[in-house]
>>> print(open('query-v9.txt').read())   # compact mmCIF, C-alpha atoms (C1' of nucleotides)
# COMPACT_ATOMS: atom_id res chain seq x y z
CA MET A 1 78.79 24.41 -12.91
CA ASN A 2 81.95 25.87 -11.42
CA VAL A 3 83.86 26.75 -8.29
CA MET A 4 82.30 27.33 -4.93
CA ASN A 5 85.41 28.46 -3.08
CA ASP A 6 85.47 31.45 -0.80
CA SER A 7 87.03 34.04 -3.08
CA PRO A 8 86.99 37.70 -2.03
CA ARG A 9 84.53 38.33 -4.83
CA ARG A 10 82.19 35.78 -3.39
CA LYS A 11 82.50 37.32 0.07
CA GLU A 12 81.43 40.69 -1.29
CA LEU A 13 78.52 39.19 -3.20
CA THR A 14 77.45 37.40 -0.03
CA ARG A 15 77.41 40.67 1.88
CA GLN A 16 75.20 42.27 -0.75
CA ALA A 17 72.88 39.30 -0.81
CA ALA A 18 72.44 39.57 2.96
CA GLN A 19 71.15 43.09 2.59
CA LEU A 20 68.54 42.09 0.04
CA PHE A 21 67.47 39.06 2.06
CA VAL A 22 66.79 41.37 5.00
CA GLN A 23 64.87 43.89 2.92
CA GLU A 24 62.72 41.43 1.00
CA GLY A 25 63.01 38.07 2.68
CA PHE A 26 64.70 35.10 1.09
CA ASP A 27 61.78 33.78 -0.91
CA ARG A 28 60.80 37.11 -2.37
CA THR A 29 64.34 37.93 -3.37
CA THR A 30 64.76 36.73 -6.94
CA VAL A 31 68.06 35.81 -8.54
CA ARG A 32 67.48 38.72 -10.91
CA MET A 33 67.23 41.13 -7.99
CA LEU A 34 70.37 39.69 -6.47
CA ALA A 35 72.24 39.99 -9.75
CA GLU A 36 71.18 43.58 -10.23
CA GLU A 37 72.28 44.50 -6.71
CA MET A 38 75.62 42.89 -7.50
CA GLY A 39 75.95 44.67 -10.82
CA ILE A 40 75.98 41.50 -12.91
CA LYS A 41 73.44 39.51 -14.90
CA SER A 42 71.43 36.74 -13.34
CA GLY A 43 73.22 34.01 -15.27
CA SER A 44 76.59 35.11 -13.92
CA LEU A 45 75.39 34.53 -10.41
CA PHE A 46 75.63 30.80 -10.89
CA HIS A 47 79.30 31.08 -11.55
CA HIS A 48 79.81 31.94 -7.87
CA PHE A 49 77.07 29.91 -6.22
CA ARG A 50 75.68 26.53 -7.12
CA ASP A 51 72.11 27.68 -6.51
CA LYS A 52 70.06 30.21 -4.59
CA GLN A 53 70.11 28.13 -1.43
CA GLU A 54 73.89 28.23 -1.35
CA ILE A 55 73.79 32.03 -1.18
CA LEU A 56 71.58 31.82 1.88
CA ALA A 57 73.91 29.33 3.50
CA ALA A 58 76.92 31.54 2.75
CA VAL A 59 75.24 34.54 4.38
CA ILE A 60 74.38 32.67 7.55
CA GLU A 61 77.74 30.94 7.74
CA GLU A 62 79.67 34.17 7.67
CA GLY A 63 77.49 35.79 10.30
CA THR A 64 77.80 32.88 12.67
CA GLU A 65 81.55 32.58 12.23
CA ASN A 66 81.98 36.25 12.99
CA ALA A 67 79.85 35.92 16.10
CA LEU A 68 82.00 33.04 17.30
CA GLY A 69 85.21 35.00 16.68
CA ILE A 70 84.00 38.13 18.46
CA ALA A 71 82.71 36.17 21.45
CA ARG A 72 85.96 34.24 21.86
CA ALA A 73 88.01 37.41 21.62
CA ALA A 74 85.80 39.12 24.18
CA LEU A 75 86.17 36.25 26.64
CA ASP A 76 89.95 36.27 26.21
CA ASP A 77 90.13 39.98 26.91
CA CYS A 78 87.98 40.31 29.99
CA ASP A 79 88.44 39.81 33.71
CA SER A 80 87.91 36.35 35.05
CA ASP A 81 85.04 37.06 37.44
CA PRO A 82 81.64 35.73 36.38
CA GLY A 83 80.02 39.16 36.20
CA SER A 84 82.62 40.49 33.80
CA ARG A 85 82.44 37.41 31.64
CA LEU A 86 78.65 37.54 31.49
CA HIS A 87 78.81 41.19 30.53
CA ALA A 88 81.51 40.52 27.94
CA MET A 89 79.42 37.83 26.25
CA ALA A 90 76.29 39.96 26.21
CA ARG A 91 78.21 42.89 24.83
CA ALA A 92 79.90 40.78 22.18
CA HIS A 93 76.53 39.39 21.17
CA LEU A 94 75.04 42.85 20.77
CA GLU A 95 78.06 44.11 18.88
CA THR A 96 77.99 41.34 16.32
CA LEU A 97 74.25 41.90 16.05
CA LEU A 98 75.22 45.41 14.94
CA THR A 99 78.25 44.93 12.74
CA ASP A 100 76.82 41.88 10.97
CA ARG A 101 73.22 42.83 11.44
CA ASN A 102 72.05 41.70 8.02
CA ALA A 103 73.58 38.26 8.32
CA HIS A 104 72.11 37.72 11.77
CA VAL A 105 68.65 38.89 10.84
CA VAL A 106 68.76 36.45 7.95
CA ALA A 107 69.92 33.68 10.28
CA LEU A 108 67.07 34.40 12.67
CA TYR A 109 64.29 34.74 10.12
CA GLU A 110 65.28 32.49 7.25
CA TRP A 111 66.88 29.55 9.02
CA ARG A 112 64.09 27.22 8.02
CA ARG A 113 64.58 28.02 4.35
CA LEU A 114 67.90 26.13 4.48
CA ASP A 115 67.98 22.66 3.00
CA ALA A 116 68.91 19.73 5.21
CA PRO A 117 72.67 19.51 4.49
CA ALA A 118 73.25 23.22 4.98
CA ARG A 119 71.17 23.23 8.12
CA SER A 120 73.14 20.38 9.56
CA HIS A 121 76.47 22.07 8.89
CA LEU A 122 75.39 25.43 10.22
CA SER A 123 73.73 24.07 13.32
CA HIS A 124 77.10 22.72 14.42
CA LEU A 125 78.54 26.21 14.13
CA ARG A 126 75.65 27.61 16.12
CA ASP A 127 76.02 24.92 18.76
CA ALA A 128 79.63 25.94 19.25
CA TYR A 129 78.49 29.48 19.86
CA GLU A 130 75.78 28.47 22.30
CA ALA A 131 78.26 26.28 24.17
CA LEU A 132 80.25 29.43 24.96
CA TRP A 133 77.14 30.95 26.47
CA GLU A 134 76.27 27.96 28.59
CA GLU A 135 79.80 27.88 29.95
CA VAL A 136 79.64 31.50 31.05
CA ILE A 137 76.19 31.04 32.53
CA ASP A 138 77.31 27.98 34.45
CA GLU A 139 80.09 30.01 36.00
CA ALA A 140 77.65 32.74 36.99
CA LEU A 141 75.28 30.19 38.52
CA ALA A 142 78.08 28.49 40.43
CA ALA A 143 79.23 31.83 41.81
CA GLY A 144 75.69 32.67 42.93
CA LEU A 145 75.60 35.75 40.72
CA ILE A 146 72.38 34.60 39.10
CA ARG A 147 69.97 31.83 39.93
CA GLY A 148 67.76 29.39 38.12
CA ASP A 149 68.00 26.39 35.84
CA ARG A 150 71.03 26.52 33.53
CA PHE A 151 69.05 25.40 30.51
CA LEU A 152 66.22 27.84 31.07
CA VAL A 153 68.42 30.77 32.00
CA SER A 154 70.56 30.47 28.89
CA ARG A 155 67.46 30.21 26.68
CA PHE A 156 65.85 33.21 28.34
CA VAL A 157 69.01 35.28 27.99
CA MET A 158 69.58 34.39 24.35
CA GLY A 159 65.95 35.21 23.65
CA ALA A 160 66.21 38.60 25.29
CA LEU A 161 69.35 39.41 23.31
CA ASN A 162 68.21 38.13 19.94
CA TRP A 163 64.93 39.98 20.29
CA THR A 164 66.92 43.24 20.24
CA VAL A 165 67.12 43.05 16.44
CA ARG A 166 63.43 43.95 16.50
CA TRP A 167 63.66 47.18 18.43
CA TYR A 168 67.24 48.27 18.95
CA ASP A 169 68.18 51.44 17.09
CA PRO A 170 71.95 51.60 16.46
CA ASP A 171 71.68 55.36 15.93
CA GLY A 172 69.88 55.85 19.22
CA GLU A 173 71.39 56.82 22.54
CA ARG A 174 72.17 53.47 24.05
CA THR A 175 75.39 51.62 23.26
CA PRO A 176 75.72 47.84 23.19
CA ASP A 177 77.85 48.17 26.30
CA GLU A 178 75.03 49.93 28.17
CA LEU A 179 72.49 47.38 27.04
CA ALA A 180 74.70 44.54 28.19
CA ARG A 181 75.20 46.24 31.54
CA GLU A 182 71.45 46.67 31.98
CA LEU A 183 70.81 43.05 31.17
CA VAL A 184 73.36 41.80 33.67
CA ALA A 185 72.03 44.21 36.28
CA MET A 186 68.51 42.90 35.71
CA LEU A 187 69.65 39.32 36.29
CA ALA A 188 72.33 39.67 38.94
CA ARG A 189 71.56 39.13 42.57
CA PRO A 190 72.90 41.79 44.93
CA ALA A 191 76.36 41.07 46.29
CA ASP A 192 76.22 39.13 49.54
CA MET B 193 34.74 39.33 -5.31
CA ASN B 194 32.55 38.50 -2.37
CA VAL B 195 32.16 38.59 1.38
CA MET B 196 34.99 38.94 3.79
CA ASN B 197 33.05 38.50 7.02
CA ASP B 198 34.14 36.25 9.82
CA SER B 199 31.97 33.21 9.19
CA PRO B 200 32.72 30.02 11.10
CA ARG B 201 33.81 28.50 7.81
CA ARG B 202 36.37 31.23 7.36
CA LYS B 203 37.63 30.73 10.91
CA GLU B 204 38.29 27.08 10.22
CA LEU B 205 40.04 27.83 6.94
CA THR B 206 42.18 30.39 8.73
CA ARG B 207 43.24 27.80 11.26
CA GLN B 208 44.30 25.41 8.51
CA ALA B 209 46.16 28.13 6.68
CA ALA B 210 48.13 28.93 9.82
CA GLN B 211 49.40 25.39 9.96
CA LEU B 212 50.65 25.49 6.39
CA PHE B 213 52.23 28.91 6.86
CA VAL B 214 54.23 27.51 9.77
CA GLN B 215 55.31 24.41 7.88
CA GLU B 216 56.29 26.10 4.64
CA GLY B 217 56.48 29.81 5.28
CA PHE B 218 54.03 32.29 3.77
CA ASP B 219 55.79 32.84 0.45
CA ARG B 220 56.31 29.17 -0.28
CA THR B 221 52.73 28.30 0.55
CA THR B 222 50.80 28.47 -2.71
CA VAL B 223 47.08 29.04 -2.99
CA ARG B 224 46.89 25.57 -4.50
CA MET B 225 48.49 24.06 -1.41
CA LEU B 226 46.13 26.02 0.82
CA ALA B 227 43.11 24.88 -1.17
CA GLU B 228 44.17 21.26 -1.04
CA GLU B 229 44.66 21.43 2.73
CA MET B 230 41.17 22.91 2.96
CA GLY B 231 39.64 20.27 0.70
CA ILE B 232 38.54 22.70 -2.00
CA LYS B 233 39.90 23.93 -5.34
CA SER B 234 42.19 26.91 -5.55
CA GLY B 235 39.62 29.11 -7.24
CA SER B 236 37.14 28.58 -4.43
CA LEU B 237 39.58 30.07 -1.96
CA PHE B 238 38.89 33.53 -3.27
CA HIS B 239 35.30 33.28 -2.25
CA HIS B 240 36.41 33.48 1.38
CA PHE B 241 39.43 35.77 1.12
CA ARG B 242 40.07 38.70 -1.17
CA ASP B 243 43.62 37.61 -1.81
CA LYS B 244 46.47 35.63 -0.30
CA GLN B 245 47.59 38.51 1.88
CA GLU B 246 44.20 38.62 3.54
CA ILE B 247 44.64 35.04 4.71
CA LEU B 248 47.88 36.01 6.40
CA ALA B 249 46.24 38.97 8.07
CA ALA B 250 43.36 36.77 9.27
CA VAL B 251 45.78 34.30 10.82
CA ILE B 252 47.72 36.95 12.71
CA GLU B 253 44.62 38.82 13.76
CA GLU B 254 43.06 35.82 15.39
CA GLY B 255 46.23 34.91 17.24
CA THR B 256 46.72 38.38 18.61
CA GLU B 257 43.10 38.74 19.67
CA ASN B 258 43.27 35.48 21.55
CA ALA B 259 46.48 36.57 23.27
CA LEU B 260 44.80 39.77 24.39
CA GLY B 261 41.77 37.91 25.69
CA ILE B 262 43.79 35.36 27.64
CA ALA B 263 46.05 38.00 29.15
CA ARG B 264 43.13 40.15 30.28
CA ALA B 265 41.38 37.17 31.81
CA ALA B 266 44.56 36.14 33.62
CA LEU B 267 45.02 39.60 35.10
CA ASP B 268 41.40 39.67 36.26
CA ASP B 269 41.77 36.32 37.97
CA CYS B 270 45.01 36.76 39.89
CA ASP B 271 46.07 38.34 43.15
CA SER B 272 46.88 42.00 43.12
CA ASP B 273 50.51 41.81 44.23
CA PRO B 274 53.09 42.60 41.54
CA GLY B 275 54.72 39.17 41.69
CA SER B 276 51.43 37.36 41.05
CA ARG B 277 50.53 39.69 38.23
CA LEU B 278 53.92 39.29 36.59
CA HIS B 279 53.62 35.55 36.84
CA ALA B 280 50.08 35.62 35.51
CA MET B 281 51.12 37.59 32.44
CA ALA B 282 54.10 35.35 31.71
CA ARG B 283 51.97 32.27 32.13
CA ALA B 284 49.22 33.65 29.92
CA HIS B 285 51.78 34.50 27.27
CA LEU B 286 53.20 30.98 27.29
CA GLU B 287 49.77 29.42 27.26
CA THR B 288 48.61 31.33 24.21
CA LEU B 289 51.93 30.50 22.59
CA LEU B 290 50.85 26.89 23.02
CA THR B 291 47.16 26.90 22.23
CA ASP B 292 47.54 29.23 19.24
CA ARG B 293 51.10 28.26 18.44
CA ASN B 294 50.68 28.32 14.66
CA ALA B 295 49.18 31.76 14.60
CA HIS B 296 51.88 33.19 16.84
CA VAL B 297 54.74 31.63 14.93
CA VAL B 298 53.27 33.16 11.79
CA ALA B 299 52.97 36.52 13.51
CA LEU B 300 56.59 36.38 14.63
CA TYR B 301 58.10 35.21 11.35
CA GLU B 302 55.85 36.58 8.65
CA TRP B 303 54.91 39.97 10.02
CA ARG B 304 56.85 41.77 7.31
CA ARG B 305 54.94 39.99 4.57
CA LEU B 306 51.83 42.02 5.54
CA ASP B 307 50.91 44.92 3.31
CA ALA B 308 50.75 48.39 4.80
CA PRO B 309 47.02 48.58 5.67
CA ALA B 310 46.98 45.20 7.37
CA ARG B 311 50.17 45.98 9.23
CA SER B 312 48.74 49.23 10.51
CA HIS B 313 45.57 47.59 11.76
CA LEU B 314 47.37 44.70 13.42
CA SER B 315 50.04 46.79 15.04
CA HIS B 316 47.34 48.56 17.01
CA LEU B 317 46.18 45.22 18.32
CA ARG B 318 49.73 44.31 19.24
CA ASP B 319 50.29 47.64 20.93
CA ALA B 320 47.26 47.00 23.12
CA TYR B 321 48.80 43.71 24.17
CA GLU B 322 52.20 45.22 24.90
CA ALA B 323 50.57 47.98 26.92
CA LEU B 324 49.29 45.31 29.30
CA TRP B 325 52.84 44.10 29.77
CA GLU B 326 54.28 47.51 30.42
CA GLU B 327 51.61 48.18 33.01
CA VAL B 328 52.45 45.02 34.93
CA ILE B 329 56.17 45.68 34.67
CA ASP B 330 55.73 49.21 35.93
CA GLU B 331 53.98 47.86 39.00
CA ALA B 332 56.78 45.41 39.64
CA LEU B 333 59.39 48.13 39.27
CA ALA B 334 57.51 50.46 41.59
CA ALA B 335 57.23 47.73 44.19
CA GLY B 336 60.96 47.04 43.97
CA LEU B 337 60.34 43.46 42.88
CA ILE B 338 62.56 43.89 39.83
CA ARG B 339 64.91 46.65 38.80
CA GLY B 340 66.03 48.35 35.63
CA ASP B 341 64.70 50.58 32.91
CA ARG B 342 61.02 49.97 32.16
CA PHE B 343 61.55 50.08 28.42
CA LEU B 344 64.49 47.72 28.46
CA VAL B 345 63.03 45.32 30.97
CA SER B 346 59.81 44.88 29.05
CA ARG B 347 61.72 44.30 25.80
CA PHE B 348 64.03 41.79 27.42
CA VAL B 349 61.14 39.91 28.99
CA MET B 350 59.10 39.77 25.80
CA GLY B 351 62.17 38.58 23.96
CA ALA B 352 62.82 35.81 26.43
CA LEU B 353 59.19 34.67 26.22
CA ASN B 354 58.79 34.86 22.47
CA TRP B 355 62.03 32.99 21.96
CA THR B 356 60.41 29.99 23.63
CA VAL B 357 58.66 29.13 20.36
CA ARG B 358 62.11 28.05 19.17
CA TRP B 359 62.88 25.52 21.85
CA TYR B 360 59.88 24.80 24.05
CA ASP B 361 58.50 21.32 23.70
CA PRO B 362 54.84 21.19 24.72
CA ASP B 363 55.10 17.43 25.21
CA GLY B 364 58.10 17.80 27.50
CA GLU B 365 58.11 17.88 31.26
CA ARG B 366 57.81 21.56 31.96
CA THR B 367 54.44 23.29 32.08
CA PRO B 368 53.87 26.92 31.08
CA ASP B 369 53.22 27.60 34.73
CA GLU B 370 56.65 26.28 35.70
CA LEU B 371 58.36 28.27 32.99
CA ALA B 372 56.63 31.44 34.08
CA ARG B 373 57.63 30.77 37.67
CA GLU B 374 61.27 30.27 36.66
CA LEU B 375 61.29 33.48 34.68
CA VAL B 376 59.89 35.52 37.54
CA ALA B 377 62.33 33.88 39.95
CA MET B 378 65.21 34.77 37.65
CA LEU B 379 64.20 38.42 37.61
CA ALA B 380 62.83 38.98 41.09
CA ARG B 381 65.00 40.46 43.79
CA PRO B 382 64.87 38.65 47.12
CA ALA B 383 62.23 39.92 49.49
CA ASP B 384 63.52 42.65 51.74
C1' DG C 385 101.86 35.04 -28.30
C1' DG C 386 99.28 30.94 -27.74
C1' DG C 387 96.95 28.91 -23.67
C1' DT C 388 94.37 29.21 -19.43
C1' DC C 389 90.71 30.54 -16.66
C1' DA C 390 87.73 33.25 -13.74
C1' DA C 391 84.15 36.33 -14.78
C1' DC C 392 80.50 37.69 -17.29
C1' DC C 393 76.63 37.92 -20.85
C1' DA C 394 72.30 37.13 -23.91
C1' DA C 395 68.74 34.23 -24.54
C1' DG C 396 65.51 31.21 -23.14
C1' DC C 397 63.22 26.87 -21.15
C1' DA C 398 60.01 24.42 -18.23
C1' DA C 399 57.53 24.95 -14.32
C1' DG C 400 54.88 27.25 -11.29
C1' DC C 401 52.65 31.45 -9.63
C1' DG C 402 48.35 34.49 -8.01
C1' DC C 403 44.26 35.37 -9.58
C1' DT C 404 39.98 35.81 -12.79
C1' DA C 405 35.96 34.54 -15.49
C1' DG C 406 32.15 32.13 -15.99
C1' DT C 407 29.18 28.31 -14.48
C1' DG C 408 26.65 24.81 -11.46
C1' DT C 409 23.92 23.70 -7.53
C1' DA C 410 21.68 23.03 -3.21
C1' DA C 411 19.70 25.38 0.54
C1' DA C 412 17.51 29.47 2.37
C1' DT C 413 14.26 33.29 1.54
C1' DG C 414 10.38 36.04 -0.47
C1' DC D 415 7.12 29.01 -7.15
C1' DA D 416 10.73 32.43 -8.15
C1' DT D 417 14.73 34.48 -6.45
C1' DT D 418 18.73 35.05 -3.88
C1' DT D 419 22.73 33.51 -1.41
C1' DA D 420 26.72 30.74 -0.27
C1' DC D 421 29.89 27.86 -1.85
C1' DA D 422 32.14 25.19 -5.03
C1' DC D 423 33.76 24.03 -9.69
C1' DT D 424 36.63 24.18 -14.42
C1' DA D 425 39.73 26.33 -17.29
C1' DG D 426 43.26 29.11 -18.13
C1' DC D 427 45.58 33.97 -18.69
C1' DG D 428 49.62 36.52 -18.13
C1' DC D 429 53.56 36.67 -15.82
C1' DT D 430 57.69 35.36 -12.97
C1' DT D 431 60.52 31.93 -11.20
C1' DG D 432 65.23 29.35 -10.63
C1' DC D 433 68.31 27.75 -13.47
C1' DT D 434 70.80 26.24 -18.02
C1' DT D 435 73.12 26.81 -22.27
C1' DG D 436 76.61 28.25 -25.25
C1' DG D 437 79.56 31.69 -25.95
C1' DT D 438 82.63 36.12 -25.18
C1' DT D 439 85.93 38.94 -22.66
C1' DG D 440 90.24 40.35 -20.71
C1' DA D 441 93.91 39.74 -17.41
C1' DC D 442 97.68 36.83 -16.45
C1' DC D 443 101.52 33.14 -17.50
C1' DC D 444 105.41 30.63 -19.36
>>> encode(input="query-v9.txt", output="structure tokens")
Amino acid sequence: MNVMNDSPRRKELTRQAAQLFVQEGFDRTTVRMLAEEMGIKSGSLFHHFRDKQEILAAVIEEGTENALGIARAALDDCDSDPGSRLHAMARAHLETLLTDRNAHVVALYEWRRLDAPARSHLSHLRDAYEALWEEVIDEALAAGLIRGDRFLVSRFVMGALNWTVRWYDPDGERTPDELARELVAMLARPAD
Amino acid sequence: MNVMNDSPRRKELTRQAAQLFVQEGFDRTTVRMLAEEMGIKSGSLFHHFRDKQEILAAVIEEGTENALGIARAALDDCDSDPGSRLHAMARAHLETLLTDRNAHVVALYEWRRLDAPARSHLSHLRDAYEALWEEVIDEALAAGLIRGDRFLVSRFVMGALNWTVRWYDPDGERTPDELARELVAMLARPAD
DNA sequence: GGGTCAACCAAGCAAGCGCTAGTGTAAATG
DNA sequence: CATTTACACTAGCGCTTGCTTGGTTGACCC
């Protein structure tokens, strides 16, 4: 019944929604729970979002955009050799999985709760992110740093990284940088 | 209000429930939808299962038990060198991901919908399965076939394999055997 | 100092939810 | 033949759901 811009207020509400979606899952999170977490009444929620689905889309959109930004920045900042670039991407991936953990967990678990238009829009964003990965992996393959099929390797690597949300403890001993280094070490062939 | 054994009837109902849980997600699948899929009325459902949660637990339990069985059989049947055993485990994992795809997708996505008692019981089953993996990976590390930290390697490998449910097309060109071979090739160090 | 507008609220509707109670019935069991 | 068992049915209770409606508030603006 009203605006659906990206006001700062809406950004903050989106962040809070992400937390609840992680705790409870999208379907079990009611608009009343969301409103209470936000400190408003359930009716007021629909001033900021058209419907419940739009909140989900907003959460996932922000997470994916942040991931894209971090990955691009990391690639700009690193050395140009394939090993460094592979490590930079893996590290960026793990870092965004930490800083925007809630949004990414929601994206991983609740993707199929999106309606068709939102899914179409967001899958373009995700494709842009995955294109970055395939580029870096192509370079590593061409340089002989790793071996295998480019399609399979990129899927295997993304799987290994995304799976970390299941077991990685941010308060534990290992840093994202270490994890990224271990992953690259596991894949890389010894220098000729 | 009645039995909760594992009759053949219940097995069949469990299989059908798994399909719906994949299509719609656990929370959005209503007992009325389940009953219709099963060809009975919603009230009759509670003759076979205590409540909706128990259906979810039954689905996941069967999938995990099958995975364990297939993995054990694969290990019994293969050569004793670490490369063969690694390949056998990966292949078994991919095969059960195919034959019991619905159950495994449910286990991956809806695990957190389980109540505490069911989760406790099923996590023991899952631990038994993961122990098989760690054993095989330890052998490969000891033999120098792969390198890295045993904890990290096993997590990365499981992640890569489980992620296949997102992109693998069973009707496509690649067989589980090929995929497993590619994965092992990606990880294995060249023979000394 | 009247007008604008984002932000919020109280109240509630229509639909759908998991689950229960009580009954019917055909086959198996004594 | 009498009883039990397994499975299915009808009917609906009590509650929650996403969302709407109609209205109030208070900060800002010319």
>>> interface_residues(input="query-v9.txt", of="chain B", to="chain D", cutoff="9 Å", atoms="only C-alpha atoms (C1' of nucleotides)", output="PyMOL selection string")
chain B and resi 232-233+235-236+239
>>> interface_residues(input="query-v9.txt", of="chain A", to="chain B", cutoff="12 Å", atoms="only C-alpha atoms", output="number ranges by chain")
A: 22-29, 105-114, 141, 144-168, 174, 178-192
>>> residues_around(input="query-v9.txt", residues="range 48-55 of chain A", least_positions_apart="3", cutoff="9 Å", atoms="only C-alpha atoms (C1' of nucleotides)", output="MDAnalysis selection string")
(chainID A and resid 1:5 7 9:10 13:14 17:18 30:31 44:45 58:60 113:115 118) or (chainID D and resid 432:433)
>>> atom_distance(input="query-v9.txt", atom1="CA of Leu278 in chain B", atom2="CA of Ala334 in chain B")
12.8 Å
>>> atom_distance(input="query-v9.txt", atom1="CA of Thr288 in chain B", atom2="CA of Leu260 in chain B")
9.3 Å
>>> interface_residues(input="query-v9.txt", of="chain C", to="chain B", cutoff="12 Å", atoms="all atoms listed in the file", output="PyMOL selection string")
chain C and resi 400-406
>>> atom_distance(input="query-v9.txt", atom1="CA of His104 in chain A", atom2="CA of Gly63 in chain A")
5.9 Å
>>> residues_near_point(input="query-v9.txt", point="(85.6, 37.9, 26.2)", cutoff="9 Å", atoms="only C-alpha atoms (C1' of nucleotides)", output="VMD selection string")
chain A and resid 70 to 79 84 to 89 92
>>> write_last_selection(input="query-v9.txt", atoms="C-alpha atoms", output="compact mmCIF listing (two decimals), keeping the file's coordinate frame")
# COMPACT_ATOMS: atom_id res chain seq x y z
CA ILE A 70 84.00 38.13 18.46
CA ALA A 71 82.71 36.17 21.45
CA ARG A 72 85.96 34.24 21.86
CA ALA A 73 88.01 37.41 21.62
CA ALA A 74 85.80 39.12 24.18
CA LEU A 75 86.17 36.25 26.64
CA ASP A 76 89.95 36.27 26.21
CA ASP A 77 90.13 39.98 26.91
CA CYS A 78 87.98 40.31 29.99
CA ASP A 79 88.44 39.81 33.71
CA SER A 84 82.62 40.49 33.80
CA ARG A 85 82.44 37.41 31.64
CA LEU A 86 78.65 37.54 31.49
CA HIS A 87 78.81 41.19 30.53
CA ALA A 88 81.51 40.52 27.94
CA MET A 89 79.42 37.83 26.25
CA ALA A 92 79.90 40.78 22.18
